[in-house]
$ cat my_file-v3.tsv   # TSV, C-alpha atoms
chain	number	residue	atom	x	y	z
A	1	MET	CA	125.81	55.87	81.08
A	2	PRO	CA	122.68	54.06	82.36
A	3	VAL	CA	123.63	55.12	85.90
A	4	ALA	CA	123.91	58.76	84.85
A	5	GLN	CA	120.57	58.55	83.07
A	6	SER	CA	119.00	57.05	86.18
A	7	GLU	CA	120.32	59.98	88.25
A	8	VAL	CA	118.81	62.46	85.80
A	9	GLN	CA	115.47	60.67	85.87
A	10	ARG	CA	115.49	60.57	89.68
A	11	ALA	CA	116.28	64.29	89.91
A	12	GLU	CA	113.47	65.10	87.48
A	13	ALA	CA	111.02	62.97	89.46
A	14	GLN	CA	111.98	64.76	92.68
A	15	ARG	CA	111.52	68.12	90.99
A	16	GLN	CA	107.97	67.19	90.06
A	17	THR	CA	106.90	65.86	93.45
A	18	PRO	CA	104.08	67.71	95.26
A	19	ALA	CA	106.39	68.32	98.24
A	20	ALA	CA	108.78	70.35	96.12
A	21	ALA	CA	105.96	72.34	94.53
A	22	ALA	CA	104.19	72.96	97.82
A	23	HIS	CA	106.58	75.48	99.37
A	24	PRO	CA	104.25	77.79	101.32
A	25	PHE	CA	105.47	80.86	99.44
A	26	THR	CA	104.93	79.41	95.96
A	27	VAL	CA	101.27	80.38	95.93
A	28	PHE	CA	102.10	84.05	96.36
A	29	VAL	CA	104.62	84.12	93.52
A	30	ARG	CA	102.18	82.27	91.24
A	31	THR	CA	99.33	84.62	92.15
A	32	ILE	CA	101.12	87.81	91.10
A	33	ALA	CA	103.31	86.43	88.27
A	34	ARG	CA	101.20	84.07	86.13
A	35	GLY	CA	100.83	86.48	83.27
A	36	VAL	CA	98.50	89.18	82.04
A	37	THR	CA	95.31	87.12	82.14
A	38	LEU	CA	95.89	84.81	85.10
A	39	SER	CA	97.82	86.94	87.59
A	40	ARG	CA	96.17	89.22	90.12
A	41	SER	CA	97.17	91.37	93.04
A	42	LEU	CA	97.10	90.03	96.60
A	43	ASP	CA	94.38	91.04	98.97
A	44	GLN	CA	95.38	92.51	102.30
A	45	ASP	CA	95.30	89.21	104.21
A	46	GLU	CA	97.29	87.41	101.52
A	47	ALA	CA	99.89	90.18	101.50
A	48	ALA	CA	100.21	89.99	105.28
A	49	ALA	CA	100.67	86.21	105.10
A	50	ALA	CA	103.34	86.57	102.41
A	51	MET	CA	105.24	89.19	104.39
A	52	ARG	CA	105.10	87.08	107.56
A	53	LEU	CA	106.96	84.32	105.71
A	54	ILE	CA	109.50	86.82	104.33
A	55	LEU	CA	110.20	88.38	107.73
A	56	ALA	CA	110.51	84.93	109.28
A	57	GLY	CA	113.27	84.06	106.80
A	58	ALA	CA	111.16	81.22	105.42
A	59	VAL	CA	111.40	82.22	101.74
A	60	ASP	CA	113.98	81.01	99.25
A	61	PRO	CA	116.12	83.87	97.83
A	62	ALA	CA	114.96	83.05	94.29
A	63	GLN	CA	111.34	83.30	95.37
A	64	LEU	CA	111.97	86.55	97.20
A	65	GLY	CA	113.72	88.19	94.26
A	66	ALA	CA	110.98	87.13	91.85
A	67	PHE	CA	108.23	88.32	94.18
A	68	LEU	CA	109.77	91.73	94.88
A	69	MET	CA	110.65	92.48	91.28
A	70	VAL	CA	107.23	91.53	89.91
A	71	LEU	CA	105.71	93.90	92.45
A	72	ARG	CA	108.21	96.58	91.52
A	73	TYR	CA	107.45	96.18	87.82
A	74	ARG	CA	103.68	96.45	88.05
A	75	GLY	CA	103.46	98.56	91.23
A	76	GLU	CA	102.07	97.53	94.61
A	77	THR	CA	98.41	98.09	95.39
A	78	PRO	CA	97.36	99.86	98.60
A	79	ALA	CA	95.90	96.58	99.87
A	80	GLU	CA	99.24	94.84	99.36
A	81	LEU	CA	101.14	97.64	101.06
A	82	ALA	CA	98.72	97.65	103.98
A	83	GLY	CA	99.07	93.88	104.37
A	84	PHE	CA	102.87	94.12	104.31
A	85	ALA	CA	102.80	96.88	106.92
A	86	ARG	CA	100.43	94.88	109.12
A	87	ALA	CA	102.82	91.92	109.13
A	88	ALA	CA	105.78	94.15	109.97
A	89	ARG	CA	103.86	95.87	112.76
A	90	GLU	CA	103.27	92.49	114.38
A	91	ARG	CA	107.01	92.33	115.02
A	92	ILE	CA	107.20	95.73	116.71
A	93	ALA	CA	107.15	95.68	120.51
A	94	ALA	CA	105.96	99.18	121.35
A	95	PRO	CA	105.79	100.39	124.97
A	96	ALA	CA	102.18	100.36	126.12
A	97	ALA	CA	102.26	103.86	127.62
A	98	ALA	CA	104.25	105.53	124.81
A	99	ALA	CA	102.63	108.54	123.18
A	100	ALA	CA	103.57	110.39	120.00
A	101	ASP	CA	101.59	113.16	118.33
A	102	LEU	CA	103.33	113.05	114.94
A	103	ASP	CA	104.93	110.08	113.18
A	104	TRP	CA	107.74	111.08	110.80
A	105	PRO	CA	109.21	108.30	108.63
A	106	SER	CA	112.61	109.05	107.05
A	107	TYR	CA	113.61	106.24	104.69
A	108	ALA	CA	115.56	107.84	101.86
A	109	ASP	CA	118.90	106.04	102.14
A	110	ARG	CA	120.76	108.53	99.98
A	111	HIS	CA	120.12	112.26	100.23
A	112	LYS	CA	120.93	114.55	97.34
A	113	GLN	CA	120.27	117.56	99.51
A	114	LEU	CA	120.69	118.14	103.21
A	115	PRO	CA	117.85	116.94	105.47
A	116	TYR	CA	116.74	120.34	106.73
A	117	PHE	CA	113.40	118.72	107.61
A	118	VAL	CA	115.03	117.60	110.86
A	119	LEU	CA	114.85	121.26	111.93
A	120	ALA	CA	111.12	121.27	111.18
A	121	ALA	CA	110.64	118.30	113.50
A	122	LEU	CA	112.72	119.95	116.24
A	123	LEU	CA	110.82	123.22	115.89
A	124	LEU	CA	107.54	121.39	116.40
A	125	ALA	CA	109.00	119.57	119.39
A	126	GLU	CA	110.08	122.90	120.88
A	127	ASN	CA	106.44	123.94	120.68
A	128	GLY	CA	104.82	121.00	122.40
A	129	VAL	CA	104.48	118.38	119.63
A	130	ARG	CA	105.83	114.91	120.43
A	131	VAL	CA	107.58	113.82	117.21
A	132	LEU	CA	108.83	110.29	116.60
A	133	MET	CA	111.15	110.07	113.60
A	134	HIS	CA	112.29	106.67	112.36
A	135	GLY	CA	114.29	105.43	109.42
A	136	LEU	CA	117.46	103.74	108.22
A	137	ALA	CA	120.67	103.82	110.21
A	138	GLY	CA	122.40	104.98	107.03
A	139	ILE	CA	125.98	105.84	106.21
A	140	GLY	CA	127.35	109.01	104.74
A	141	PRO	CA	127.37	112.71	105.62
A	142	ALA	CA	123.86	113.67	104.54
A	143	THR	CA	121.85	111.02	106.38
A	144	THR	CA	119.31	111.83	109.05
A	145	PRO	CA	121.42	110.25	111.86
A	146	ALA	CA	124.50	112.23	110.77
A	147	THR	CA	122.48	115.43	110.79
A	148	LEU	CA	121.15	114.69	114.26
A	149	ALA	CA	124.74	114.18	115.44
A	150	ALA	CA	125.70	117.59	114.03
A	151	LEU	CA	122.86	119.06	116.08
A	152	GLY	CA	124.17	117.40	119.24
A	153	LEU	CA	121.52	114.66	119.26
A	154	ARG	CA	121.75	110.90	118.99
A	155	ALA	CA	119.45	108.12	117.91
A	156	CYS	CA	117.60	106.11	120.53
A	157	ALA	CA	118.54	102.44	120.82
A	158	SER	CA	114.98	101.17	121.24
A	159	LEU	CA	111.36	102.24	121.25
A	160	ASP	CA	111.44	102.19	125.05
A	161	GLU	CA	114.24	104.74	125.00
A	162	ALA	CA	112.39	106.73	122.34
A	163	ALA	CA	109.28	106.85	124.53
A	164	ARG	CA	111.34	108.26	127.40
A	165	ALA	CA	112.90	110.83	125.07
A	166	LEU	CA	109.45	111.94	123.91
A	167	GLU	CA	108.40	112.55	127.48
A	168	ARG	CA	111.61	114.42	128.23
A	169	SER	CA	112.21	116.51	125.11
A	170	ARG	CA	109.30	115.69	122.73
A	171	PHE	CA	111.62	114.46	119.96
A	172	ALA	CA	113.09	111.02	119.33
A	173	TYR	CA	114.72	109.22	116.43
A	174	VAL	CA	115.04	105.44	116.28
A	175	ALA	CA	116.55	103.36	113.48
A	176	LEU	CA	114.61	100.54	111.85
A	177	ASP	CA	117.34	98.11	112.92
A	178	ASP	CA	116.43	98.82	116.55
A	179	PHE	CA	112.66	98.32	116.42
A	180	CYS	CA	111.97	96.01	113.43
A	181	PRO	CA	115.30	94.35	112.51
A	182	ALA	CA	113.61	91.59	110.47
A	183	LEU	CA	112.69	94.20	107.86
A	184	ARG	CA	116.20	95.57	107.40
A	185	PRO	CA	117.45	92.77	105.06
A	186	LEU	CA	114.90	93.83	102.41
A	187	PHE	CA	116.59	97.24	102.20
A	188	ALA	CA	119.95	95.52	101.88
A	189	LEU	CA	118.80	93.89	98.63
A	190	ARG	CA	118.89	97.15	96.70
A	191	PRO	CA	122.55	96.87	95.60
A	192	LEU	CA	121.90	93.28	94.48
A	193	LEU	CA	118.63	93.91	92.64
A	194	GLY	CA	119.53	97.40	91.45
A	195	LEU	CA	116.11	98.74	92.47
A	196	ARG	CA	114.17	99.71	95.54
A	197	SER	CA	111.60	97.20	96.75
A	198	SER	CA	108.24	97.31	98.48
A	199	ALA	CA	110.04	97.78	101.78
A	200	ASN	CA	110.99	101.32	100.83
A	201	THR	CA	107.30	102.05	100.47
A	202	PHE	CA	105.53	100.25	103.28
A	203	ALA	CA	108.16	101.02	105.94
A	204	ARG	CA	106.79	104.56	105.83
A	205	GLU	CA	103.49	103.19	107.12
A	206	LEU	CA	104.87	101.46	110.23
A	207	ASN	CA	104.00	104.27	112.69
A	208	PRO	CA	105.53	102.25	115.56
A	209	LEU	CA	104.03	104.34	118.38
A	210	ALA	CA	100.60	104.75	116.72
A	211	ALA	CA	100.74	108.53	116.47
A	212	ARG	CA	97.41	110.09	115.50
A	213	CYS	CA	99.08	112.20	112.80
A	214	GLN	CA	101.65	111.19	110.21
A	215	ILE	CA	103.65	113.15	107.64
A	216	GLN	CA	105.20	111.44	104.63
A	217	GLY	CA	107.38	112.53	101.75
A	218	VAL	CA	107.37	110.49	98.53
A	219	PHE	CA	109.61	110.43	95.46
A	220	HIS	CA	106.98	110.92	92.74
A	221	PRO	CA	103.54	112.60	92.73
A	222	ALA	CA	102.07	109.46	91.17
A	223	TYR	CA	102.64	107.67	94.49
A	224	LEU	CA	100.45	110.06	96.48
A	225	PRO	CA	97.12	108.19	96.07
A	226	ALA	CA	98.70	104.83	96.94
A	227	HIS	CA	100.23	106.12	100.17
A	228	GLN	CA	97.06	107.97	101.08
A	229	GLU	CA	94.87	104.89	100.55
A	230	THR	CA	97.34	102.61	102.33
A	231	ALA	CA	97.25	104.86	105.37
A	232	ARG	CA	93.45	104.85	105.25
A	233	LEU	CA	93.29	101.05	105.04
A	234	LEU	CA	95.56	100.87	108.09
A	235	GLY	CA	93.22	103.10	110.06
A	236	GLN	CA	95.52	106.11	110.20
A	237	PRO	CA	93.22	108.98	111.21
A	238	ASN	CA	95.28	111.97	110.05
A	239	ALA	CA	98.02	112.06	107.41
A	240	ALA	CA	99.71	114.42	104.98
A	241	VAL	CA	101.61	113.00	102.01
A	242	PHE	CA	103.46	115.10	99.46
A	243	LYS	CA	106.35	114.96	97.00
A	244	GLY	CA	109.37	115.92	99.05
A	245	GLY	CA	113.05	116.45	98.41
A	246	GLY	CA	114.69	113.04	97.92
A	247	GLY	CA	111.49	111.32	98.95
A	248	GLU	CA	111.63	112.86	102.42
A	249	ALA	CA	109.02	115.04	104.12
A	250	GLN	CA	110.76	118.24	103.09
A	251	ARG	CA	108.69	120.78	101.20
A	252	ASN	CA	110.12	122.34	98.06
A	253	PRO	CA	109.43	126.05	98.66
A	254	GLU	CA	109.99	126.98	95.00
A	255	LYS	CA	106.91	125.16	93.69
A	256	PRO	CA	103.28	124.66	94.68
A	257	CYS	CA	102.92	121.63	96.93
A	258	ARG	CA	100.13	119.12	96.36
A	259	VAL	CA	99.28	117.34	99.62
A	260	ALA	CA	97.16	114.19	99.84
A	261	THR	CA	95.46	114.26	103.21
A	262	LEU	CA	93.50	112.24	105.69
A	263	TYR	CA	91.51	114.13	108.30
A	264	ARG	CA	89.66	111.83	110.69
A	265	GLY	CA	89.99	109.10	108.10
A	266	ALA	CA	88.46	111.11	105.23
A	267	ALA	CA	90.64	111.48	102.15
A	268	GLY	CA	91.20	114.86	100.54
A	269	GLU	CA	93.73	117.02	98.76
A	270	GLU	CA	95.27	120.44	99.36
A	271	LEU	CA	97.36	122.66	97.12
A	272	TRP	CA	99.81	124.88	98.95
A	273	ASP	CA	101.24	127.88	97.11
A	274	ALA	CA	104.96	128.22	96.44
A	275	LEU	CA	106.72	130.16	99.17
A	276	VAL	CA	109.46	131.65	96.97
A	277	PRO	CA	107.99	131.47	93.46
A	278	GLY	CA	110.23	132.09	90.50
A	279	GLN	CA	113.45	131.78	92.48
A	280	ARG	CA	115.82	128.86	92.16
A	281	HIS	CA	117.99	128.66	95.21
A	282	PRO	CA	121.46	127.07	95.06
A	283	TRP	CA	120.82	125.11	98.27
A	284	ARG	CA	120.35	121.84	96.40
A	285	GLU	CA	123.90	122.06	95.05
A	286	GLU	CA	125.52	123.02	98.35
A	287	PRO	CA	128.11	120.78	100.07
A	288	LEU	CA	126.45	117.86	101.85
A	289	ASP	CA	127.80	118.94	105.22
A	290	PRO	CA	125.31	118.47	108.08
A	291	ALA	CA	127.05	121.28	109.97
A	292	ARG	CA	125.16	123.60	107.61
A	293	VAL	CA	121.86	122.35	109.06
A	294	ALA	CA	123.05	123.22	112.55
A	295	ALA	CA	124.26	126.60	111.30
A	296	LEU	CA	120.82	127.36	109.86
A	297	TRP	CA	119.20	126.66	113.23
A	298	ARG	CA	121.72	128.94	114.99
A	299	GLY	CA	121.14	131.72	112.49
A	300	ASP	CA	124.71	131.56	111.18
A	301	LEU	CA	123.73	130.46	107.66
A	302	PRO	CA	121.87	133.00	105.48
A	303	ALA	CA	119.99	130.52	103.31
A	304	PRO	CA	116.46	131.56	102.26
A	305	GLY	CA	115.77	128.30	100.40
A	306	PRO	CA	116.41	125.92	103.30
A	307	GLN	CA	114.70	128.29	105.73
A	308	ALA	CA	111.59	128.39	103.55
A	309	ALA	CA	111.68	124.58	103.27
A	310	VAL	CA	111.69	124.28	107.07
A	311	VAL	CA	108.95	126.86	107.61
A	312	GLY	CA	106.79	125.39	104.83
A	313	THR	CA	107.13	121.86	106.19
A	314	VAL	CA	106.24	123.02	109.69
A	315	ALA	CA	103.16	124.74	108.29
A	316	ILE	CA	101.84	121.52	106.74
A	317	CYS	CA	102.32	119.80	110.10
A	318	LEU	CA	100.56	122.56	112.05
A	319	LYS	CA	97.47	122.27	109.87
A	320	LEU	CA	97.56	118.47	110.07
A	321	LEU	CA	97.76	118.66	113.86
A	322	GLY	CA	94.77	120.98	114.02
A	323	ARG	CA	96.78	123.95	115.22
A	324	ALA	CA	95.84	126.09	112.22
A	325	ALA	CA	92.64	126.21	110.19
A	326	THR	CA	94.07	127.39	106.87
A	327	ALA	CA	97.32	127.20	104.95
A	328	ALA	CA	97.87	130.95	105.32
A	329	GLU	CA	97.36	130.75	109.08
A	330	ALA	CA	99.68	127.76	109.34
A	331	GLU	CA	102.46	129.47	107.37
A	332	ALA	CA	102.19	132.67	109.39
A	333	GLN	CA	102.32	130.66	112.61
A	334	ALA	CA	105.31	128.65	111.37
A	335	ARG	CA	107.27	131.84	110.64
A	336	VAL	CA	106.60	133.13	114.15
A	337	LEU	CA	107.77	129.84	115.66
A	338	TRP	CA	110.91	129.87	113.51
A	339	ASP	CA	111.80	133.43	114.48
A	340	ALA	CA	111.33	132.57	118.17
A	341	ARG	CA	113.35	129.32	118.12
A	342	PRO	CA	116.02	128.80	120.82
A	343	LYS	CA	119.01	129.32	118.54
A	344	ALA	CA	121.61	128.27	121.08
A	345	LYS	CA	120.00	124.92	121.91
A	346	TYR	CA	121.20	122.73	119.04
A	347	GLY	CA	124.51	122.33	117.25
A	348	ALA	CA	126.88	124.54	119.18
A	349	PRO	CA	129.71	125.65	116.83
$ encode --input "my_file-v3.tsv" --output "structure tokens"
Amino acid sequence: MPVAQSEVQRAEAQRQTPAAAAHPFTVFVRTIARGVTLSRSLDQDEAAAAMRLILAGAVDPAQLGAFLMVLRYRGETPAELAGFARAARERIAAPAAAAADLDWPSYADRHKQLPYFVLAALLLAENGVRVLMHGLAGIGPATTPATLAALGLRACASLDEAARALERSRFAYVALDDFCPALRPLFALRPLLGLRSSANTFARELNPLAARCQIQGVFHPAYLPAHQETARLLGQPNAAVFKGGGGEAQRNPEKPCRVATLYRGAAGEELWDALVPGQRHPWREEPLDPARVAALWRGDLPAPGPQAAVVGTVAICLKLLGRAATAAEAEAQARVLWDARPKAKYGAP
């Protein structure tokens, strides 16, 4: 009995030693989780330091879970998101000469409707815009990579390959695993924690080839100001952020679209009218078969809802890129581009 008591006392003494309490990540958990009166958000430098430790694998799983869920509960600030993105960007080895005009993050891991926005990106590429799309490798029929495969395209294996693809065909897709693999384990925590984490938010800000324009889709309108301000803090000159289908940059043509913008670093807001007001299209309940996306491009699928989603998304991009001065001009131009698309180029039946 005395021996057992001695072991307990020794364990308790070890638990209270400064060495045990001085884990480098402890300060970040304490800062955000000490309660209503004592906790505070991290500033941008603190957030970057915390994320560097996480990406280096230097954080205990218990610390990581506590940190991510506290942030999820109270919501990340733009400064925290910008700091996290800065730390992740430090791990991205981008080709020096690579050039992209439009950055297109695609990080919804489960689509409830087909990703027709891929056609918007391809239509822009067909008309001279270099589009880099990046996201999760994903599994399942409705993912962005599966849709690209149905169109006869494949993901690039690296940013170097993506840069070559941009020069050749002005469109490239690269999975997060192939340009920032240290970030991927945070996405893998979702089944364990039951919730998305900060990674689902700040990965959209990575812009690995530093494109001057960026389009983002978010899940909820309440997130628009946070994404807009995060992009501004990161020095993104031009951005358009809106609530999109499944959190992707896919405009809902049935409703007005509120777009949070950055033009030359100045924040603003635009309201785009509904394209098919008062009509509810059945396209959100259609089979999740990516062959339907290819069929729409070829003109074999009479689907006004998806077509309007593609045209409307392209219009937002055209205005962001400075190719149209007004929403009406951008939408008219997008319709012309859609009608003139090379129907035989992608997704041969």
$ closest_residue --input "my_file-v3.tsv" --among "A:Gly217, A:Ala199, A:Val129, A:Asp273" --to "Ala182 (chain A)" --atoms "only C-alpha atoms"
A:Ala199
$ residues_around --input "my_file-v3.tsv" --residues "region 284-295 of chain A" --least-positions-apart "3" --cutoff "7 Å" --atoms "all atoms listed in the file" --output "ChimeraX atom specification"
/A:113-114,116,141-142,146-147,150-151,298-301,346-347
$ residues_around --input "my_file-v3.tsv" --residues "Gly83 (chain A)" --least-positions-apart "4" --cutoff "8 Å" --atoms "all atoms listed in the file" --output "MDAnalysis selection string"
chainID A and resid 43:49 51 79 87
$ write_last_selection --input "my_file-v3.tsv" --atoms "C-alpha atoms" --output "CSV table (one decimal), in the frame of the given file"
chain,number,residue,atom,x,y,z
A,43,ASP,CA,94.4,91.0,99.0
A,44,GLN,CA,95.4,92.5,102.3
A,45,ASP,CA,95.3,89.2,104.2
A,46,GLU,CA,97.3,87.4,101.5
A,47,ALA,CA,99.9,90.2,101.5
A,48,ALA,CA,100.2,90.0,105.3
A,49,ALA,CA,100.7,86.2,105.1
A,51,MET,CA,105.2,89.2,104.4
A,79,ALA,CA,95.9,96.6,99.9
A,87,ALA,CA,102.8,91.9,109.1
$ closest_residue --input "my_file-v3.tsv" --among "A:Ala266, A:Ala226, A:Leu71, A:Cys180" --to "Thr31 (chain A)" --atoms "all atoms listed in the file"
A:Leu71
$ closest_residue --input "my_file-v3.tsv" --among "A:Leu233, A:Ala203, A:Leu275, A:Leu337" --to "Lys255 (chain A)" --atoms "all atoms listed in the file"
A:Leu275
$ residues_around --input "my_file-v3.tsv" --residues "Ala120 (chain A)" --least-positions-apart "5" --cutoff "10 Å" --atoms "only C-alpha atoms" --output "PyMOL selection string"
chain A and resi 115+125-126+249-250+297+307+309-315+317+334+338
